[in-house]
$ cat input_34.tsv   # TSV, C-alpha atoms
chain	number	residue	atom	x	y	z
U	1	MET	CA	5.85	-4.02	-16.88
U	2	ILE	CA	2.34	-5.32	-16.34
U	3	VAL	CA	0.28	-4.85	-13.18
U	4	ARG	CA	-2.73	-7.07	-12.76
U	5	ALA	CA	-5.16	-8.25	-10.11
U	6	VAL	CA	-4.58	-11.78	-8.89
U	7	ASP	CA	-6.18	-14.11	-6.40
U	8	TRP	CA	-4.85	-13.77	-2.86
U	9	ASN	CA	-3.55	-17.35	-3.06
U	10	ASP	CA	-1.87	-16.92	-6.45
U	11	PRO	CA	1.68	-18.35	-6.15
U	12	ALA	CA	3.28	-15.03	-7.20
U	13	ALA	CA	1.27	-13.15	-4.58
U	14	VAL	CA	2.10	-15.67	-1.87
U	15	GLY	CA	5.81	-15.54	-2.71
U	16	LEU	CA	5.99	-11.74	-2.76
U	17	ARG	CA	4.09	-11.42	0.52
U	18	ALA	CA	6.45	-13.96	2.11
U	19	ALA	CA	9.45	-11.93	0.93
U	20	GLN	CA	7.87	-8.76	2.31
U	21	ARG	CA	7.25	-10.34	5.71
U	22	GLN	CA	10.80	-11.75	5.78
U	23	GLU	CA	12.26	-8.29	5.10
U	24	VAL	CA	10.07	-6.63	7.74
U	25	SER	CA	10.93	-9.36	10.27
U	26	ALA	CA	14.65	-8.82	9.66
U	27	ARG	CA	14.35	-5.05	10.10
U	28	TYR	CA	12.28	-5.17	13.27
U	29	GLY	CA	13.75	-8.34	14.78
U	30	SER	CA	10.38	-10.02	15.14
U	31	PRO	CA	8.43	-12.40	12.92
U	32	ASP	CA	5.18	-10.68	13.94
U	33	SER	CA	5.73	-6.92	14.07
U	34	GLU	CA	2.39	-5.97	12.51
U	35	PRO	CA	-0.15	-4.32	14.80
U	36	GLY	CA	-3.72	-5.39	14.18
U	37	PRO	CA	-5.18	-8.17	12.11
U	38	THR	CA	-3.11	-9.76	9.37
U	39	PRO	CA	-4.67	-9.27	5.92
U	40	THR	CA	-6.47	-12.29	4.45
U	41	ALA	CA	-8.28	-13.16	1.25
U	42	ASP	CA	-11.56	-12.42	3.04
U	43	ASP	CA	-10.75	-8.81	3.89
U	44	MET	CA	-8.88	-7.64	0.79
U	45	ALA	CA	-10.77	-5.81	-1.94
U	46	VAL	CA	-8.02	-6.43	-4.50
U	47	PHE	CA	-4.48	-7.72	-4.63
U	48	LEU	CA	-2.15	-6.64	-7.45
U	49	VAL	CA	1.09	-8.13	-8.72
U	50	ALA	CA	3.56	-6.35	-11.01
U	51	TYR	CA	5.42	-8.45	-13.57
U	52	ASP	CA	8.59	-7.43	-15.40
U	53	ALA	CA	9.08	-7.75	-19.16
U	54	ALA	CA	10.14	-11.39	-18.73
U	55	GLY	CA	6.92	-12.18	-16.86
U	56	GLU	CA	8.58	-12.51	-13.44
U	57	PRO	CA	6.62	-11.19	-10.44
U	58	VAL	CA	8.53	-8.23	-8.99
U	59	GLY	CA	6.11	-6.37	-6.71
U	60	CYS	CA	2.72	-6.43	-5.05
U	61	GLY	CA	0.17	-4.47	-3.07
U	62	GLY	CA	-3.42	-4.71	-1.97
U	63	LEU	CA	-6.37	-2.74	-0.69
U	64	ARG	CA	-8.39	-3.48	2.43
U	65	PRO	CA	-11.69	-1.61	2.85
U	66	LEU	CA	-11.98	0.51	5.98
U	67	GLY	CA	-15.49	1.71	5.27
U	68	PRO	CA	-17.66	2.68	2.32
U	69	THR	CA	-15.40	5.54	1.17
U	70	GLU	CA	-11.88	4.64	2.24
U	71	GLY	CA	-9.36	1.85	2.25
U	72	GLU	CA	-5.94	0.87	3.47
U	73	ILE	CA	-2.92	-0.09	1.39
U	74	LYS	CA	-1.52	-3.41	2.57
U	75	ARG	CA	1.50	-5.55	1.67
U	76	MET	CA	3.07	-3.03	-0.69
U	77	PHE	CA	6.40	-4.57	-1.67
U	78	VAL	CA	8.96	-4.55	-4.50
U	79	SER	CA	11.75	-7.11	-4.69
U	80	VAL	CA	15.18	-5.65	-3.98
U	81	PRO	CA	16.64	-5.99	-7.51
U	82	HIS	CA	13.67	-4.09	-8.95
U	83	ARG	CA	13.61	-1.15	-6.57
U	84	GLY	CA	14.17	2.21	-8.20
U	85	THR	CA	12.80	1.00	-11.55
U	86	GLY	CA	9.27	2.43	-11.31
U	87	VAL	CA	7.55	-0.72	-10.04
U	88	SER	CA	6.36	0.87	-6.79
U	89	THR	CA	5.04	3.93	-8.61
U	90	ALA	CA	3.13	1.76	-11.10
U	91	LEU	CA	1.69	-0.40	-8.32
U	92	LEU	CA	0.61	2.59	-6.26
U	93	ALA	CA	-1.03	4.26	-9.27
U	94	ALA	CA	-2.91	1.03	-10.04
U	95	LEU	CA	-4.06	0.74	-6.41
U	96	GLU	CA	-5.24	4.35	-6.42
U	97	ASP	CA	-7.10	3.81	-9.71
U	98	ASP	CA	-8.78	0.71	-8.32
U	99	ALA	CA	-9.79	2.60	-5.18
U	100	ARG	CA	-11.28	5.44	-7.22
U	101	GLY	CA	-13.20	2.86	-9.25
U	102	ARG	CA	-14.72	1.64	-5.99
U	103	GLY	CA	-15.83	5.16	-5.15
U	104	TRP	CA	-13.32	5.51	-2.34
U	105	LEU	CA	-12.35	9.06	-1.46
U	106	ARG	CA	-9.23	8.40	0.61
U	107	LEU	CA	-6.46	5.87	1.07
U	108	LEU	CA	-4.60	5.31	4.32
U	109	LEU	CA	-1.52	3.27	5.08
U	110	GLU	CA	0.87	2.35	7.83
U	111	THR	CA	4.59	1.84	7.53
U	112	GLY	CA	7.29	1.55	10.14
U	113	ASP	CA	9.84	3.90	11.59
U	114	LEU	CA	12.65	1.65	10.32
U	115	GLN	CA	11.51	2.02	6.70
U	116	PRO	CA	12.71	5.51	5.71
U	117	GLU	CA	12.67	4.66	2.00
U	118	ALA	CA	8.95	3.84	2.25
U	119	VAL	CA	8.29	7.13	4.05
U	120	ARG	CA	10.14	9.07	1.33
U	121	PHE	CA	8.26	7.21	-1.41
U	122	TYR	CA	4.80	7.83	0.04
U	123	GLU	CA	5.55	11.50	0.76
U	124	ARG	CA	6.86	11.93	-2.79
U	125	GLU	CA	3.61	10.39	-4.09
U	126	GLY	CA	1.45	12.88	-2.20
U	127	TYR	CA	0.70	11.05	1.04
U	128	SER	CA	0.68	13.10	4.24
U	129	ARG	CA	1.45	12.00	7.79
U	130	ILE	CA	-1.59	11.62	10.01
U	131	PRO	CA	-2.07	10.54	13.60
U	132	ASN	CA	-1.93	6.77	13.90
U	133	PHE	CA	-5.36	5.29	13.18
U	134	GLY	CA	-7.19	2.11	14.14
U	135	HIS	CA	-4.95	-0.71	15.33
U	136	TYR	CA	-1.89	1.51	14.90
U	137	ALA	CA	-3.00	4.10	17.49
U	138	GLY	CA	-0.47	4.19	20.29
U	139	VAL	CA	2.12	2.09	18.43
U	140	GLY	CA	5.34	4.08	18.57
U	141	SER	CA	7.01	2.32	15.65
U	142	SER	CA	4.04	2.92	13.30
U	143	LEU	CA	3.88	5.88	10.93
U	144	CYS	CA	0.51	6.49	9.26
U	145	PHE	CA	-0.28	8.39	6.07
U	146	GLU	CA	-3.28	9.37	3.96
U	147	LYS	CA	-4.05	10.68	0.51
U	148	SER	CA	-7.28	12.13	-0.78
U	149	LEU	CA	-8.39	10.59	-4.06
U	150	VAL	CA	-10.78	13.44	-4.78
U	151	LEU	CA	-9.67	16.09	-7.22
U	152	GLY	CA	-9.86	19.51	-5.63
U	153	ASP	CA	-10.12	23.10	-6.78
U	154	PRO	CA	-7.07	24.73	-5.15
U	155	ALA	CA	-8.51	28.25	-5.58
U	156	ALA	CA	-11.66	27.38	-3.65
U	157	ASP	CA	-9.97	24.74	-1.47
U	158	VAL	CA	-13.03	22.53	-1.82
U	159	ALA	CA	-13.55	19.22	-3.55
U	160	CYS	CA	-15.12	19.37	-6.99
U	161	GLU	CA	-16.09	16.76	-9.53
U	162	GLY	CA	-14.42	16.94	-12.90
U	163	CYS	CA	-11.76	19.47	-11.90
U	164	GLU	CA	-8.62	19.15	-13.96
$ encode --input "input_34.tsv" --output "structure tokens"
Amino acid sequence: MIVRAVDWNDPAAVGLRAAQRQEVSARYGSPDSEPGPTPTADDMAVFLVAYDAAGEPVGCGGLRPLGPTEGEIKRMFVSVPHRGTGVSTALLAALEDDARGRGWLRLLLETGDLQPEAVRFYEREGYSRIPNFGHYAGVGSSLCFEKSLVLGDPAADVACEGCE
């Protein structure tokens, strides 16, 4: 599998985002269930697409800046036949690496209450539930998560550079 940055309007990115929106619409019974502004090419720092061994696009995800030291994961999606094969883990790791390269200290995300598999995935990958933030505040169907990208010293419970 290969994960690489693509233009927002790349045909593979457009197709995967359309599939993601179709799935979300079916689950929530609404074509527009997303609180807040829809991501665009102008507000995304990076958009990644994962390709299988045959070169077919099988997953995607992007990062939207929320400030100088944090960002939000947007449009994370893996096509149904490729779920459970490590695509989501590879995409998330690549997004986190990109965010660290930008000097971001924290990633946030929102998923929905009808997406238990997404909740399990993010919790397994070290994301913790937080109160709903930004446009998601007060939205009952939204579940928000965060993960610190800073390595910490567990003994001192403080952030440190170069800790391993």
$ atom_distance --input "input_34.tsv" --atom1 "atom CA of U:Pro68" --atom2 "atom CA of U:Arg124"
26.7 Å
$ closest_residue --input "input_34.tsv" --among "U:Val80, U:Arg27, U:Ile2, U:Val58" --to "U:Pro116" --atoms "all atoms listed in the file"
U:Arg27
$ atom_distance --input "input_34.tsv" --atom1 "atom CA of U:Gly112" --atom2 "atom CA of U:Met1"
27.6 Å
$ atom_distance --input "input_34.tsv" --atom1 "atom CA of U:Thr85" --atom2 "atom CA of U:Phe121"
12.7 Å
$ closest_residue --input "input_34.tsv" --among "U:Pro57, U:Gly29, U:Gly84, U:Gly134" --to "U:Gly15" --atoms "only C-alpha atoms"
U:Pro57
$ closest_residue --input "input_34.tsv" --among "U:Ser88, U:Asn9, U:Thr38, U:Ser25" --to "U:His135" --atoms "all atoms listed in the file"
U:Thr38
$ residues_near_point --input "input_34.tsv" --point "(3.5, -6.7, -14.3)" --cutoff "9 Å" --atoms "only C-alpha atoms" --output "list in words"
Met1, Ile2, Val3, Arg4, Leu48, Val49, Ala50, Tyr51, Asp52, Ala53, Gly55, Glu56, Pro57, Val58, Gly59, Val87 and Leu91 of chain U
$ closest_residue --input "input_34.tsv" --among "U:Glu23, U:Glu123, U:Glu70, U:Asp42" --to "U:Leu105" --atoms "all atoms listed in the file"
U:Glu70
$ axis_aligned_box --input "input_34.tsv" --around "stretch 57-72 of chain U" --padding-each-side "4 Å" --output "lines of an AutoDock Vina configuration file"
center_x = -4.6
center_y = -2.8
center_z = -2.2
size_x = 34.2
size_y = 24.7
size_z = 24.4
$ decode --input "input_34.tsv" --residues "stretch 16-46 of chain U" --atoms "N, CA, C and O atoms" --output "short mmCIF file (atom, residue, chain, number, x, y, z; two decimals), in the first residue's frame"
data_model
loop_
_atom_site.label_atom_id
_atom_site.label_comp_id
_atom_site.auth_asym_id
_atom_site.auth_seq_id
_atom_site.Cartn_x
_atom_site.Cartn_y
_atom_site.Cartn_z
N LEU U 16 -13.35 9.18 -3.58
CA LEU U 16 -13.39 8.66 -2.21
C LEU U 16 -14.22 9.55 -1.30
O LEU U 16 -14.99 9.05 -0.46
N ARG U 17 -14.08 10.86 -1.44
CA ARG U 17 -14.90 11.77 -0.62
C ARG U 17 -16.39 11.60 -0.94
O ARG U 17 -17.23 11.64 -0.04
N ALA U 18 -16.71 11.40 -2.21
CA ALA U 18 -18.11 11.19 -2.59
C ALA U 18 -18.65 9.90 -1.95
O ALA U 18 -19.78 9.87 -1.45
N ALA U 19 -17.85 8.85 -1.94
CA ALA U 19 -18.26 7.59 -1.31
C ALA U 19 -18.44 7.78 0.19
O ALA U 19 -19.39 7.24 0.78
N GLN U 20 -17.57 8.56 0.81
CA GLN U 20 -17.67 8.82 2.25
C GLN U 20 -18.96 9.57 2.55
O GLN U 20 -19.69 9.22 3.47
N ARG U 21 -19.25 10.60 1.77
CA ARG U 21 -20.46 11.39 2.01
C ARG U 21 -21.72 10.54 1.77
O ARG U 21 -22.71 10.67 2.48
N GLN U 22 -21.67 9.66 0.77
CA GLN U 22 -22.81 8.79 0.49
C GLN U 22 -23.06 7.85 1.67
O GLN U 22 -24.20 7.65 2.08
N GLU U 23 -21.99 7.28 2.23
CA GLU U 23 -22.15 6.38 3.37
C GLU U 23 -22.70 7.13 4.59
O GLU U 23 -23.60 6.65 5.27
N VAL U 24 -22.16 8.31 4.86
CA VAL U 24 -22.63 9.10 6.00
C VAL U 24 -24.09 9.50 5.80
O VAL U 24 -24.90 9.43 6.74
N SER U 25 -24.45 9.90 4.59
CA SER U 25 -25.83 10.28 4.30
C SER U 25 -26.78 9.11 4.55
O SER U 25 -27.87 9.29 5.10
N ALA U 26 -26.38 7.91 4.14
CA ALA U 26 -27.22 6.74 4.34
C ALA U 26 -27.38 6.43 5.83
O ALA U 26 -28.48 6.08 6.28
N ARG U 27 -26.32 6.57 6.60
CA ARG U 27 -26.41 6.28 8.03
C ARG U 27 -27.29 7.26 8.78
O ARG U 27 -28.01 6.90 9.70
N TYR U 28 -27.16 8.54 8.43
CA TYR U 28 -27.86 9.58 9.18
C TYR U 28 -29.15 10.04 8.52
O TYR U 28 -29.86 10.87 9.08
N GLY U 29 -29.44 9.53 7.32
CA GLY U 29 -30.69 9.86 6.66
C GLY U 29 -30.77 11.29 6.16
O GLY U 29 -31.87 11.82 5.99
N SER U 30 -29.62 11.89 5.90
CA SER U 30 -29.60 13.28 5.45
C SER U 30 -28.38 13.49 4.56
O SER U 30 -27.28 13.06 4.91
N PRO U 31 -28.56 14.17 3.44
CA PRO U 31 -27.40 14.41 2.57
C PRO U 31 -26.42 15.44 3.15
O PRO U 31 -25.28 15.54 2.69
N ASP U 32 -26.86 16.19 4.17
CA ASP U 32 -26.00 17.21 4.75
C ASP U 32 -26.04 17.12 6.27
O ASP U 32 -26.65 17.94 6.93
N SER U 33 -25.37 16.10 6.82
CA SER U 33 -25.41 15.89 8.27
C SER U 33 -24.19 16.48 8.96
O SER U 33 -24.03 16.32 10.16
N GLU U 34 -23.33 17.18 8.22
CA GLU U 34 -22.10 17.70 8.82
C GLU U 34 -22.32 19.08 9.43
O GLU U 34 -22.69 20.02 8.73
N PRO U 35 -22.07 19.22 10.74
CA PRO U 35 -22.12 20.54 11.34
C PRO U 35 -20.92 21.36 10.88
O PRO U 35 -19.84 20.84 10.67
N GLY U 36 -21.11 22.62 10.72
CA GLY U 36 -19.98 23.49 10.36
C GLY U 36 -19.67 23.50 8.88
O GLY U 36 -20.34 22.86 8.07
N PRO U 37 -18.63 24.22 8.54
CA PRO U 37 -18.27 24.39 7.14
C PRO U 37 -17.71 23.12 6.51
O PRO U 37 -16.91 22.41 7.12
N THR U 38 -18.13 22.85 5.30
CA THR U 38 -17.62 21.71 4.54
C THR U 38 -16.17 21.98 4.15
O THR U 38 -15.85 23.10 3.73
N PRO U 39 -15.30 20.99 4.28
CA PRO U 39 -13.90 21.21 3.87
C PRO U 39 -13.79 21.55 2.38
O PRO U 39 -14.57 21.05 1.57
N THR U 40 -12.82 22.37 2.05
CA THR U 40 -12.55 22.75 0.66
C THR U 40 -11.05 22.71 0.42
O THR U 40 -10.26 22.62 1.37
N ALA U 41 -10.67 22.86 -0.82
CA ALA U 41 -9.25 22.92 -1.17
C ALA U 41 -8.57 24.08 -0.46
O ALA U 41 -7.39 23.99 -0.10
N ASP U 42 -9.29 25.16 -0.23
CA ASP U 42 -8.70 26.35 0.38
C ASP U 42 -8.41 26.21 1.86
O ASP U 42 -7.58 26.95 2.38
N ASP U 43 -9.10 25.29 2.55
CA ASP U 43 -8.87 25.21 3.99
C ASP U 43 -8.22 23.90 4.44
O ASP U 43 -8.12 23.63 5.63
N MET U 44 -7.76 23.09 3.50
CA MET U 44 -7.09 21.84 3.86
C MET U 44 -5.58 22.01 3.73
O MET U 44 -5.09 22.51 2.72
N ALA U 45 -4.87 21.59 4.76
CA ALA U 45 -3.41 21.66 4.73
C ALA U 45 -2.84 20.56 3.84
O ALA U 45 -1.84 20.76 3.15
N VAL U 46 -3.46 19.39 3.88
CA VAL U 46 -3.01 18.25 3.07
C VAL U 46 -4.18 17.29 2.91
O VAL U 46 -5.06 17.21 3.79
#
